[in-house]
$ cat coords-v6.cif   # mmCIF, C-alpha atoms
data_coords
loop_
_atom_site.label_atom_id
_atom_site.label_comp_id
_atom_site.auth_asym_id
_atom_site.auth_seq_id
_atom_site.Cartn_x
_atom_site.Cartn_y
_atom_site.Cartn_z
CA MET A 1173 103.71 18.29 32.65
CA SER A 1174 100.70 17.59 34.79
CA ASN A 1175 98.16 15.97 32.58
CA PRO A 1176 94.87 15.19 34.36
CA ASP A 1177 92.98 15.95 31.15
CA PHE A 1178 94.81 13.34 29.12
CA ALA A 1179 92.37 11.77 26.62
CA ARG A 1180 89.38 13.62 28.04
CA LEU A 1181 86.28 13.51 25.88
CA THR A 1182 85.18 16.77 24.34
CA LEU A 1183 81.45 16.83 25.03
CA ASP A 1184 79.47 19.09 22.72
CA ALA A 1185 76.90 21.51 24.15
CA ASP A 1186 73.93 19.21 23.53
CA THR A 1187 75.67 16.28 25.19
CA LYS A 1188 76.50 18.46 28.18
CA SER A 1189 72.84 19.49 28.43
CA PHE A 1190 71.69 15.89 28.24
CA GLN A 1191 74.21 14.69 30.81
CA ALA A 1192 73.20 17.56 33.11
CA TYR A 1193 69.58 16.39 32.76
CA ILE A 1194 70.62 12.87 33.80
CA GLY A 1195 72.55 14.31 36.74
CA ALA A 1196 69.57 16.43 37.81
CA PHE A 1197 67.31 13.41 37.65
CA ARG A 1198 69.74 11.40 39.76
CA LYS A 1199 69.57 14.12 42.41
CA LEU A 1200 65.77 13.89 42.45
CA TRP A 1201 66.00 10.08 42.57
CA ALA A 1202 68.58 9.87 45.35
CA GLY A 1203 67.12 12.73 47.40
CA PRO A 1204 63.39 13.59 47.46
CA LEU A 1205 62.19 10.36 45.84
CA TYR A 1206 64.34 8.22 48.13
CA ARG A 1207 63.08 10.08 51.20
CA ALA A 1208 59.46 9.76 50.12
CA LEU A 1209 59.95 6.05 49.50
CA ARG A 1210 61.60 5.64 52.89
CA GLU A 1211 58.66 7.34 54.61
CA GLU A 1212 56.33 4.93 52.91
CA ALA A 1213 58.52 1.93 53.66
CA ILE A 1214 58.45 2.45 57.41
CA THR A 1215 54.66 2.07 57.34
CA LEU A 1216 54.90 -1.39 55.81
CA GLY A 1217 54.72 -4.56 57.83
CA HIS A 1218 57.43 -7.23 57.94
CA GLN A 1219 60.13 -4.92 59.31
CA ASP A 1220 61.80 -7.75 61.17
CA LEU A 1221 64.94 -8.96 59.42
CA SER A 1222 63.59 -12.50 59.39
CA ASP A 1223 60.62 -11.26 57.32
CA TYR A 1224 62.78 -9.76 54.59
CA PRO A 1225 61.23 -11.62 51.60
CA ALA A 1226 57.72 -10.48 52.57
CA PHE A 1227 58.94 -6.90 53.11
CA GLU A 1228 60.61 -6.84 49.71
CA ALA A 1229 57.49 -8.17 48.03
CA GLU A 1230 55.38 -5.44 49.68
CA LEU A 1231 57.85 -2.71 48.76
CA GLN A 1232 57.97 -3.74 45.12
CA LYS A 1233 54.22 -3.21 44.76
CA ARG A 1234 54.53 0.45 45.68
CA PRO A 1235 54.45 2.90 42.74
CA LYS A 1236 57.21 5.01 44.28
CA HIS A 1237 59.45 1.96 44.37
CA GLN A 1238 58.63 1.24 40.74
CA PHE A 1239 59.63 4.79 39.79
CA PHE A 1240 62.75 4.48 41.95
CA GLY A 1241 63.79 1.24 40.27
CA TRP A 1242 63.03 2.47 36.78
CA LEU A 1243 65.11 5.58 37.28
CA GLU A 1244 68.04 3.73 38.83
CA HIS A 1245 68.28 1.36 35.89
CA ASN A 1246 67.46 3.69 33.05
CA LEU A 1247 69.32 6.85 34.07
CA GLN A 1248 72.52 4.81 34.17
CA LYS A 1249 71.71 3.29 30.79
CA MET A 1250 70.85 6.65 29.26
CA LYS A 1251 74.11 8.10 30.51
CA TYR A 1252 75.99 5.77 28.20
CA GLU A 1253 73.65 5.21 25.29
CA GLY A 1254 71.89 7.25 22.62
CA ARG A 1255 72.98 10.20 20.55
CA TRP A 1256 73.98 12.26 23.59
CA GLY A 1257 75.42 9.38 25.55
CA ILE A 1258 79.05 9.07 26.51
CA VAL A 1259 79.70 6.18 24.13
CA GLN A 1260 78.58 8.31 21.20
CA ALA A 1261 80.80 11.16 22.40
CA ALA A 1262 83.76 8.76 22.46
CA ASN A 1263 82.91 7.39 19.03
CA ALA A 1264 82.91 10.91 17.60
CA GLU A 1265 86.59 11.23 18.58
CA ARG A 1266 87.54 7.58 18.37
CA VAL A 1267 90.35 7.71 15.80
CA GLY A 1268 92.27 10.47 17.52
CA LEU A 1269 91.71 9.19 21.03
CA GLU A 1270 92.73 5.63 20.19
CA ALA A 1271 95.95 6.94 18.67
CA LEU A 1272 96.55 9.06 21.75
CA VAL A 1273 96.07 6.32 24.33
CA ALA A 1274 98.21 3.96 22.21
CA THR A 1275 101.23 6.27 22.45
CA PRO A 1276 104.13 4.84 24.48
CA VAL A 1277 104.10 5.33 28.23
CA GLY A 1278 107.24 6.70 29.81
CA GLY A 1279 109.30 5.03 32.51
CA ASN A 1280 108.53 1.56 33.73
CA ARG A 1281 104.98 2.37 34.64
CA LEU A 1282 103.02 0.01 32.44
CA THR A 1283 102.98 -3.77 32.09
CA GLU A 1284 100.34 -5.05 29.69
CA ASP A 1285 99.35 -8.64 29.11
CA PRO A 1286 97.25 -8.85 25.93
CA GLY A 1287 97.10 -12.64 26.26
CA LEU A 1288 95.67 -12.54 29.78
CA LYS A 1289 92.90 -15.12 30.22
CA LEU A 1290 89.98 -13.14 31.57
CA PRO A 1291 87.75 -14.89 34.11
CA ASP A 1292 84.34 -15.95 32.85
CA TYR A 1293 82.46 -13.66 35.25
CA TYR A 1294 84.34 -10.71 33.81
CA GLU A 1295 83.66 -11.74 30.23
CA GLU A 1296 79.97 -12.34 30.84
CA ASN A 1297 78.96 -9.16 32.69
CA ASP A 1298 78.81 -5.53 31.67
CA PHE A 1299 79.18 -4.25 35.23
CA HIS A 1300 77.30 -1.09 36.13
CA GLN A 1301 75.83 -1.28 32.60
CA HIS A 1302 79.03 -0.12 30.93
CA PRO A 1303 78.39 -1.23 27.32
CA GLY A 1304 80.83 -4.03 26.54
CA GLY A 1305 82.37 -3.76 29.98
CA LEU A 1306 85.99 -2.65 30.34
CA ARG A 1307 87.34 -5.60 28.40
CA GLU A 1308 88.12 -4.96 24.75
CA ASP A 1309 87.43 -1.41 23.68
CA PRO A 1310 90.71 0.58 23.78
CA LEU A 1311 88.61 3.56 24.91
CA ALA A 1312 86.77 1.65 27.65
CA ALA A 1313 88.69 3.41 30.42
CA VAL A 1314 88.21 6.82 28.79
CA ILE A 1315 84.45 6.18 28.70
CA TYR A 1316 84.46 4.84 32.26
CA ARG A 1317 86.26 7.91 33.58
CA GLU A 1318 83.80 10.22 31.84
CA SER A 1319 80.80 8.26 33.08
CA ALA A 1320 82.14 8.45 36.63
CA SER A 1321 82.06 12.22 36.62
CA ALA A 1322 79.63 13.29 33.90
CA SER A 1323 76.43 12.99 35.88
CA GLY A 1324 76.98 12.51 39.55
CA GLY A 1325 78.91 9.26 39.59
CA VAL A 1326 80.34 8.02 42.86
CA VAL A 1327 83.84 7.20 41.69
CA GLY A 1328 84.16 10.65 40.21
CA LYS A 1329 84.08 12.33 43.61
CA ALA A 1330 87.35 14.13 43.83
CA ASP A 1331 88.38 13.18 47.33
CA LEU A 1332 86.71 9.78 47.80
CA HIS A 1333 89.96 7.84 47.57
CA ALA A 1334 91.92 10.27 49.70
CA ARG A 1335 89.23 9.91 52.37
CA TYR A 1336 89.51 6.14 52.16
CA VAL A 1337 93.28 6.33 52.57
CA LYS A 1338 92.87 8.64 55.56
CA ALA A 1339 90.20 6.44 57.15
CA LEU A 1340 92.38 3.39 56.69
CA LEU A 1341 95.81 4.68 57.59
CA GLY A 1342 95.22 7.75 59.74
CA ASP A 1343 98.69 9.24 60.26
CA GLU A 1344 100.53 6.01 59.55
CA THR A 1345 102.33 5.39 56.30
CA VAL A 1346 102.80 2.25 54.26
CA ARG A 1347 105.74 1.40 52.04
CA ASN A 1348 104.49 -0.92 49.32
CA VAL A 1349 100.85 -0.99 48.26
CA ILE A 1350 99.12 -3.25 45.78
CA ASP A 1351 95.77 -1.89 44.62
CA ILE A 1352 93.56 -4.46 42.90
CA GLY A 1353 90.92 -3.36 40.40
CA CYS A 1354 92.54 0.05 40.12
CA GLY A 1355 90.29 1.31 37.31
CA PHE A 1356 91.69 4.55 35.97
CA GLY A 1357 94.13 4.87 38.82
CA ARG A 1358 92.58 7.23 41.34
CA SER A 1359 92.91 4.85 44.28
CA THR A 1360 96.47 3.94 43.32
CA PHE A 1361 97.46 7.59 43.11
CA ALA A 1362 95.82 8.31 46.46
CA PHE A 1363 97.81 5.58 48.20
CA ALA A 1364 101.05 6.61 46.50
CA ALA A 1365 100.42 10.16 47.68
CA SER A 1366 100.00 9.03 51.29
CA GLY A 1367 103.73 9.02 51.99
CA PRO A 1368 106.83 10.48 50.34
CA GLU A 1369 108.36 7.06 49.91
CA THR A 1370 105.21 5.00 49.39
CA THR A 1371 105.14 2.95 46.20
CA ALA A 1372 101.89 1.66 44.73
CA VAL A 1373 101.11 -0.92 42.07
CA GLY A 1374 97.71 -0.70 40.41
CA VAL A 1375 96.41 -3.98 39.03
CA ASP A 1376 93.43 -4.42 36.73
CA LEU A 1377 92.07 -7.00 34.31
CA SER A 1378 91.36 -4.19 31.88
CA GLY A 1379 94.23 -3.33 29.55
CA SER A 1380 92.50 -0.08 28.73
CA CYS A 1381 92.40 0.89 32.41
CA VAL A 1382 96.04 0.20 33.21
CA ARG A 1383 97.13 2.01 30.05
CA LEU A 1384 95.08 5.12 30.83
CA SER A 1385 96.25 5.05 34.46
CA ALA A 1386 99.89 4.90 33.40
CA HIS A 1387 99.38 7.86 31.08
CA LEU A 1388 97.63 9.81 33.84
CA ALA A 1389 100.62 9.23 36.10
CA GLU A 1390 102.70 11.46 33.85
CA GLY A 1391 103.39 14.74 35.56
CA ARG A 1392 102.16 13.61 38.96
CA THR A 1393 104.48 14.10 41.89
CA GLU A 1394 104.33 10.41 42.67
CA ARG A 1395 104.79 9.26 39.07
CA ASP A 1396 108.01 7.41 39.76
CA ARG A 1397 106.42 5.54 42.66
CA VAL A 1398 103.46 4.09 40.76
CA ARG A 1399 103.21 1.19 38.32
CA PHE A 1400 100.23 -0.33 36.56
CA VAL A 1401 100.02 -4.01 35.71
CA GLN A 1402 97.38 -5.86 33.72
CA ALA A 1403 96.70 -9.02 35.71
CA ASP A 1404 94.04 -10.96 37.57
CA GLY A 1405 93.99 -9.90 41.21
CA VAL A 1406 93.66 -13.50 42.34
CA ASN A 1407 97.00 -14.35 40.72
CA VAL A 1408 99.33 -11.36 40.65
CA PRO A 1409 102.90 -11.58 39.31
CA PHE A 1410 104.62 -10.72 42.59
CA ALA A 1411 106.60 -12.76 45.08
CA ASP A 1412 105.31 -13.81 48.49
CA GLY A 1413 105.48 -11.05 51.10
CA SER A 1414 106.04 -8.22 48.60
CA PHE A 1415 103.62 -5.68 50.10
CA ASP A 1416 102.56 -4.23 53.43
CA LEU A 1417 99.11 -3.19 52.14
CA PHE A 1418 96.78 -5.10 49.82
CA THR A 1419 93.72 -3.08 48.91
CA SER A 1420 90.79 -2.69 46.55
CA THR A 1421 88.09 -0.09 46.01
CA MET A 1422 84.65 -1.07 44.74
CA LEU A 1423 85.92 -4.40 43.48
CA LEU A 1424 84.53 -7.17 45.70
CA HIS A 1425 80.93 -6.62 44.68
CA GLU A 1426 81.91 -7.32 41.08
CA MET A 1427 83.36 -10.73 41.92
CA PRO A 1428 81.60 -14.04 42.62
CA ALA A 1429 82.16 -15.56 46.05
CA ALA A 1430 84.68 -18.13 44.79
CA ALA A 1431 86.82 -15.39 43.25
CA ILE A 1432 86.63 -13.31 46.45
CA ARG A 1433 87.94 -16.29 48.40
CA GLU A 1434 90.82 -16.60 45.94
CA LEU A 1435 91.50 -12.89 46.30
CA ILE A 1436 91.66 -13.14 50.08
CA ALA A 1437 94.11 -16.05 49.77
CA GLU A 1438 96.22 -14.09 47.29
CA ALA A 1439 96.26 -11.13 49.67
CA PHE A 1440 97.60 -13.37 52.41
CA ARG A 1441 100.31 -14.68 50.07
CA VAL A 1442 101.67 -11.36 48.82
CA LEU A 1443 101.44 -9.54 52.16
CA GLU A 1444 104.45 -9.51 54.43
CA PRO A 1445 103.87 -10.63 58.04
CA GLY A 1446 101.99 -7.84 59.81
CA GLY A 1447 100.67 -6.51 56.50
CA ILE A 1448 97.14 -5.13 56.09
CA SER A 1449 94.39 -6.23 53.74
CA ALA A 1450 91.64 -3.66 53.21
CA HIS A 1451 88.71 -3.37 50.85
CA LEU A 1452 86.38 -0.42 50.39
CA ASP A 1453 83.08 -1.81 49.19
CA PHE A 1454 79.36 -2.10 49.94
CA LEU A 1455 77.58 -4.33 52.45
CA PRO A 1456 73.91 -4.12 53.39
CA PRO A 1457 73.10 -2.84 56.88
CA PRO A 1458 70.64 -4.73 59.13
CA ASP A 1459 67.59 -2.86 57.85
CA ASN A 1460 65.02 -4.34 55.48
CA PHE A 1461 64.48 -1.14 53.52
CA LEU A 1462 68.18 -0.47 52.94
CA ARG A 1463 68.77 -4.12 52.20
CA ALA A 1464 66.02 -4.03 49.58
CA LEU A 1465 67.62 -1.04 47.87
CA TYR A 1466 71.05 -2.70 48.04
CA LEU A 1467 69.82 -5.94 46.51
CA GLY A 1468 67.66 -4.02 44.07
CA HIS A 1469 70.74 -2.15 42.90
CA SER A 1470 72.36 -5.49 42.21
CA ASP A 1471 69.49 -6.42 39.89
CA ARG A 1472 69.01 -3.01 38.34
CA ASN A 1473 72.58 -2.02 37.64
CA ALA A 1474 74.13 -5.24 36.31
CA GLU A 1475 75.96 -6.01 39.54
CA PRO A 1476 74.89 -9.65 39.93
CA PHE A 1477 77.46 -10.60 42.55
CA MET A 1478 76.39 -8.08 45.17
CA ARG A 1479 73.95 -10.71 46.42
CA GLU A 1480 76.77 -13.21 46.89
CA LEU A 1481 78.88 -10.63 48.70
CA ALA A 1482 75.96 -9.82 50.99
CA GLU A 1483 75.67 -13.48 51.95
CA MET A 1484 79.36 -13.93 52.74
CA ASP A 1485 80.70 -13.83 56.27
CA MET A 1486 83.72 -11.68 55.55
CA VAL A 1487 85.12 -12.03 59.05
CA ALA A 1488 85.03 -15.81 58.84
CA GLU A 1489 86.41 -15.83 55.30
CA HIS A 1490 89.41 -13.74 56.32
CA GLU A 1491 90.04 -15.76 59.45
CA LYS A 1492 89.86 -18.97 57.45
CA ALA A 1493 92.62 -17.59 55.20
CA GLY A 1494 94.81 -16.86 58.24
CA PHE A 1495 94.08 -13.18 58.86
CA VAL A 1496 93.50 -11.74 62.33
CA ASP A 1497 91.99 -8.50 63.68
CA VAL A 1498 89.26 -8.53 61.04
CA ARG A 1499 87.07 -5.45 61.23
CA ILE A 1500 84.06 -4.31 59.22
CA GLU A 1501 83.33 -0.61 59.54
CA PRO A 1502 81.05 1.91 57.82
CA PHE A 1503 82.73 4.58 55.71
CA ALA A 1504 81.47 8.11 55.04
CA GLU A 1505 82.16 9.20 51.49
CA ASP A 1506 81.68 12.88 52.33
CA ASP A 1507 80.68 15.25 55.14
CA GLN A 1508 77.03 15.49 54.17
CA GLY A 1509 75.94 12.81 56.60
CA LEU A 1510 74.12 9.61 55.95
CA GLY A 1511 70.44 8.98 55.67
CA GLU A 1512 68.98 11.94 53.79
CA ARG A 1513 69.85 10.66 50.36
CA TRP A 1514 70.35 7.22 48.97
CA ARG A 1515 73.92 6.04 48.74
CA LEU A 1516 75.15 2.50 48.66
CA PRO A 1517 76.31 1.48 52.14
CA TRP A 1518 80.04 2.07 52.03
CA THR A 1519 82.02 -0.35 54.16
CA ILE A 1520 85.69 -0.95 54.89
CA ILE A 1521 86.69 -4.56 55.44
CA ARG A 1522 90.15 -4.73 56.98
CA ALA A 1523 92.31 -7.51 58.35
CA ARG A 1524 95.92 -8.12 59.35
CA LYS A 1525 98.29 -10.90 58.47
CA PRO A 1526 99.83 -12.11 61.77
CA LYS A 1527 103.35 -10.87 62.42
CA ASP A 1528 104.42 -14.41 63.13
CA ALA A 1529 102.83 -15.85 59.99
CA VAL A 1530 105.04 -18.30 58.15
CA GLN A 1531 106.02 -16.84 54.80
CA MET B 107 74.88 -8.45 29.82
CA SER B 108 72.49 -5.81 31.06
CA ASP B 109 68.88 -6.49 30.29
CA SER B 110 67.53 -3.73 28.11
CA GLN B 111 63.99 -5.09 28.53
CA GLN B 112 64.00 -4.98 32.34
CA ALA B 113 60.53 -3.99 33.56
CA PHE B 114 59.71 -2.09 36.75
CA PHE B 115 56.05 -1.13 36.52
CA THR B 116 53.21 -3.50 37.12
CA ASP B 117 51.76 -2.77 33.71
CA ALA B 118 53.56 -2.36 30.40
CA VAL B 119 51.63 0.77 29.36
CA SER B 120 52.82 2.73 32.41
CA GLU B 121 56.35 1.57 31.71
CA LYS B 122 56.27 2.81 28.13
CA LEU B 123 54.51 6.02 29.05
CA PHE B 124 57.07 6.96 31.66
CA GLN B 125 59.91 6.02 29.34
CA SER B 126 58.47 8.30 26.66
CA LEU B 127 57.97 11.12 29.12
CA VAL B 128 61.55 10.98 30.40
CA ALA B 129 62.90 10.84 26.84
CA LEU B 130 60.68 13.72 25.74
CA ALA B 131 61.78 15.86 28.67
CA ALA B 132 65.41 15.11 27.82
CA GLU B 133 64.82 16.46 24.33
CA VAL B 134 63.12 19.55 25.74
CA ASN B 135 66.01 20.15 28.13
CA VAL B 136 68.56 20.00 25.34
CA LEU B 137 66.44 22.33 23.19
CA ARG B 138 65.98 24.79 26.09
CA ASP B 139 69.73 25.09 26.43
CA ARG B 140 70.14 25.40 22.69
CA VAL B 141 67.63 28.26 22.52
CA ALA B 142 69.29 29.98 25.47
CA ARG B 143 72.61 29.86 23.67
CA LEU B 144 71.11 31.10 20.39
CA GLU B 145 69.37 33.96 22.11
CA GLY B 146 72.55 34.83 23.91
CA ARG B 147 70.76 34.98 27.26
CA SER B 148 73.95 34.07 28.96
CA GLU B 149 77.55 34.07 27.87
CA CYS B 150 78.09 30.90 29.79
CA PRO B 151 74.87 28.92 30.35
CA ASN B 152 75.07 26.52 33.26
CA PRO B 153 73.34 23.34 32.12
CA SER B 154 73.53 21.76 35.57
CA VAL B 155 71.67 24.52 37.40
CA ASP B 156 69.10 24.84 34.63
CA ALA B 157 68.56 21.09 34.49
CA ASP B 158 68.06 20.84 38.26
CA ALA B 159 65.25 23.39 38.14
CA PHE B 160 63.72 21.86 35.04
CA VAL B 161 63.67 18.30 36.37
CA GLN B 162 62.33 19.43 39.72
CA HIS B 163 59.60 21.42 38.01
CA VAL B 164 58.51 18.60 35.70
CA PHE B 165 59.11 15.51 37.81
CA GLY B 166 59.24 16.73 41.41
CA GLY B 167 55.72 15.42 41.93
CA LEU B 168 57.07 11.87 41.90
CA ALA B 169 58.34 12.45 45.41
CA LYS B 170 55.15 14.00 46.76
CA PRO B 171 53.07 11.86 49.12
#

$ encode --input "coords-v6.cif" --output "structure tokens"
Amino acid sequence: MSNPDFARLTLDADTKSFQAYIGAFRKLWAGPLYRALREEAITLGHQDLSDYPAFEAELQKRPKHQFFGWLEHNLQKMKYEGRWGIVQAANAERVGLEALVATPVGGNRLTEDPGLKLPDYYEENDFHQHPGGLREDPLAAVIYRESASASGGVVGKADLHARYVKALLGDETVRNVIDIGCGFGRSTFAFAASGPETTAVGVDLSGSCVRLSAHLAEGRTERDRVRFVQADGVNVPFADGSFDLFTSTMLLHEMPAAAIRELIAEAFRVLEPGGISAHLDFLPPPDNFLRALYLGHSDRNAEPFMRELAEMDMVAEHEKAGFVDVRIEPFAEDDQGLGERWRLPWTIIRARKPKDAVQ
Amino acid sequence: MSDSQQAFFTDAVSEKLFQSLVALAAEVNVLRDRVARLEGRSECPNPSVDADAFVQHVFGGLAKP
């Protein structure tokens, strides 16, 4: 039985209206308001990259930027909170939904680790303003999935992950994929669907996420080729050389630089010689205005480590770990073209473990 | 933890005023849809389309030069 609606929230009519209002406001924010702000920004001085601090200070004085920042922070917050927020919708069905997600998962698709020591950065941050993060609430993943699609969320876009797989692999296939920070499984499913014999392991710190992902695998064509494991991506329970693709989607920007370095080292360890490491994430382009919005997002949306990621030399970091052929490329999330509405600057960071690497 | 007191406007009164306006409009939007359902104007109201027009009508001026 295909079950994409497993543990879906039942939003009442008022909640749907409210979430539609948030979504409509996000369109105004990311479209007309962004374009108006951009027009104003190009008239400012300090456009040279070396003058970034002065440019940012000028931009922040502008009323349009103040509206832009307010909306970015508060629309996200409103989406979750209040009487028509997603958290309240989950609470209204909490007893039944908790019982549902706690039901046993078939096959060998789920490995939980309730005693997993969570890293401090994960304990201390409610990334993208998700109340309580994805750590303890058994319904955290259910709420996350709803928030991703309820009002224009990025990760809710139906074909985002399939596009990433296509951009990364083209017509090639991979055999064994490990997908770190798998969330509610969309990226893992997309990689597993890329080839008839491709297996994919989704890994996440969140027990709620791996459990929901394993449930969602039920009824999917690739259900016997996916597994979900609760673990820290910097220390996964797999032998050296187990995979030919190590990947993550929207994970790096939620990790401090030290943890990213550990992740890169772990990728090198679990990849077989010739294997590929690839991350879909966000990096600021060489443009003061876009950089200001990128760094502003970090401050406004509880993504404190985006600044550290922006400062890292990802080519050098990968090469230091032993990787070769490191490439950093822009990624288009859809066919609508870039530039006319604000989106975070999608980037693919890919590298290859040398074929002659010592295992 | 996210900072619920994060400020964006140069003065606190503007901040509170805008916050109140956005919250008030949210209430109005929910009530508009509720009235539409009660009056049976549509068998299947589309909150997304209605909300787009409503937000553009009320707040579109933010993006005007």

$ residues_around --input "coords-v6.cif" --residues "region 1229-1234 of chain A" --least-positions-apart "4" --cutoff "8 Å" --atoms "all atoms listed in the file" --output "NGL selection string"
(:A and (1213 or 1216 or 1225 or 1238)) or (:B and (116))

$ closest_atom_pairs --input "coords-v6.cif" --of "chain A" --to "chain B" --cutoff "7 Å" --atoms "all atoms listed in the file" --output "JSON lines"
{"residue": "A:Asp1186", "atom": "CA", "partner": "B:Val136", "partner_atom": "CA", "distance": 5.7}
{"residue": "A:Ser1189", "atom": "CA", "partner": "B:Val136", "partner_atom": "CA", "distance": 5.3}
{"residue": "A:Phe1190", "atom": "CA", "partner": "B:Val136", "partner_atom": "CA", "distance": 5.9}
{"residue": "A:Ala1192", "atom": "CA", "partner": "B:Ser154", "partner_atom": "CA", "distance": 4.9}
{"residue": "A:Tyr1193", "atom": "CA", "partner": "B:Ala157", "partner_atom": "CA", "distance": 5.1}
{"residue": "A:Ala1196", "atom": "CA", "partner": "B:Asp158", "partner_atom": "CA", "distance": 4.7}
{"residue": "A:Phe1197", "atom": "CA", "partner": "B:Val161", "partner_atom": "CA", "distance": 6.2}
{"residue": "A:Pro1204", "atom": "CA", "partner": "B:Ala169", "partner_atom": "CA", "distance": 5.6}
{"residue": "A:Leu1205", "atom": "CA", "partner": "B:Ala169", "partner_atom": "CA", "distance": 4.4}
{"residue": "A:Ala1208", "atom": "CA", "partner": "B:Ala169", "partner_atom": "CA", "distance": 5.5}
{"residue": "A:Gln1238", "atom": "CA", "partner": "B:Phe114", "partner_atom": "CA", "distance": 5.3}
{"residue": "A:Gly1241", "atom": "CA", "partner": "B:Phe114", "partner_atom": "CA", "distance": 6.3}
{"residue": "A:Trp1242", "atom": "CA", "partner": "B:Phe114", "partner_atom": "CA", "distance": 5.6}
{"residue": "A:Glu1296", "atom": "CA", "partner": "B:Met107", "partner_atom": "CA", "distance": 6.5}
{"residue": "A:Asn1297", "atom": "CA", "partner": "B:Met107", "partner_atom": "CA", "distance": 5.0}
{"residue": "A:Asp1298", "atom": "CA", "partner": "B:Met107", "partner_atom": "CA", "distance": 5.2}
{"residue": "A:Gln1301", "atom": "CA", "partner": "B:Ser108", "partner_atom": "CA", "distance": 5.8}
{"residue": "A:Ala1474", "atom": "CA", "partner": "B:Ser108", "partner_atom": "CA", "distance": 5.5}

$ residues_around --input "coords-v6.cif" --residues "Met1427 (chain A)" --least-positions-apart "5" --cutoff "10 Å" --atoms "all atoms listed in the file" --output "count of residues only"
12

$ atom_distance --input "coords-v6.cif" --atom1 "CA of Leu1243 (chain A)" --atom2 "CA of Arg1472 (chain A)"
9.5 Å

$ atom_distance --input "coords-v6.cif" --atom1 "CA of Ala1362 (chain A)" --atom2 "CA of Leu1282 (chain A)"
17.8 Å

$ resolve_selection --input "coords-v6.cif" --expression "the PyMOL selection byres ((chain A and resi 1387) around 9)" --output "list in words"
Asn1175, Phe1178, Val1273, Thr1275, Pro1276, Val1277, Gly1278, Arg1281, Leu1282, Val1382, Arg1383, Leu1384, Ser1385, Ala1386, Leu1388, Ala1389 and Glu1390 of chain A

$ atom_distance --input "coords-v6.cif" --atom1 "CA of Leu1341 (chain A)" --atom2 "CA of Ala1504 (chain A)"
15.0 Å

$ resolve_selection --input "coords-v6.cif" --expression "the PyMOL selection byres ((chain A and resi 1364) around 9)" --output "list in words"
Arg1347, Asn1348, Val1349, Ser1359, Thr1360, Phe1361, Ala1362, Phe1363, Ala1365, Ser1366, Gly1367, Pro1368, Glu1369, Thr1370, Thr1371, Ala1372, Val1373, Glu1394, Arg1395, Arg1397 and Val1398 of chain A

$ resolve_selection --input "coords-v6.cif" --expression "the PyMOL selection byres ((chain A and resi 1500) around 9)" --output "ChimeraX atom specification"
/A:1486-1487,1498-1499,1501-1502,1519-1523

$ closest_residue --input "coords-v6.cif" --among "A:Thr1182, A:Ser1222, A:Thr1215, A:Ser1380" --to "Glu1270 (chain A)" --atoms "only C-alpha atoms"
A:Ser1380
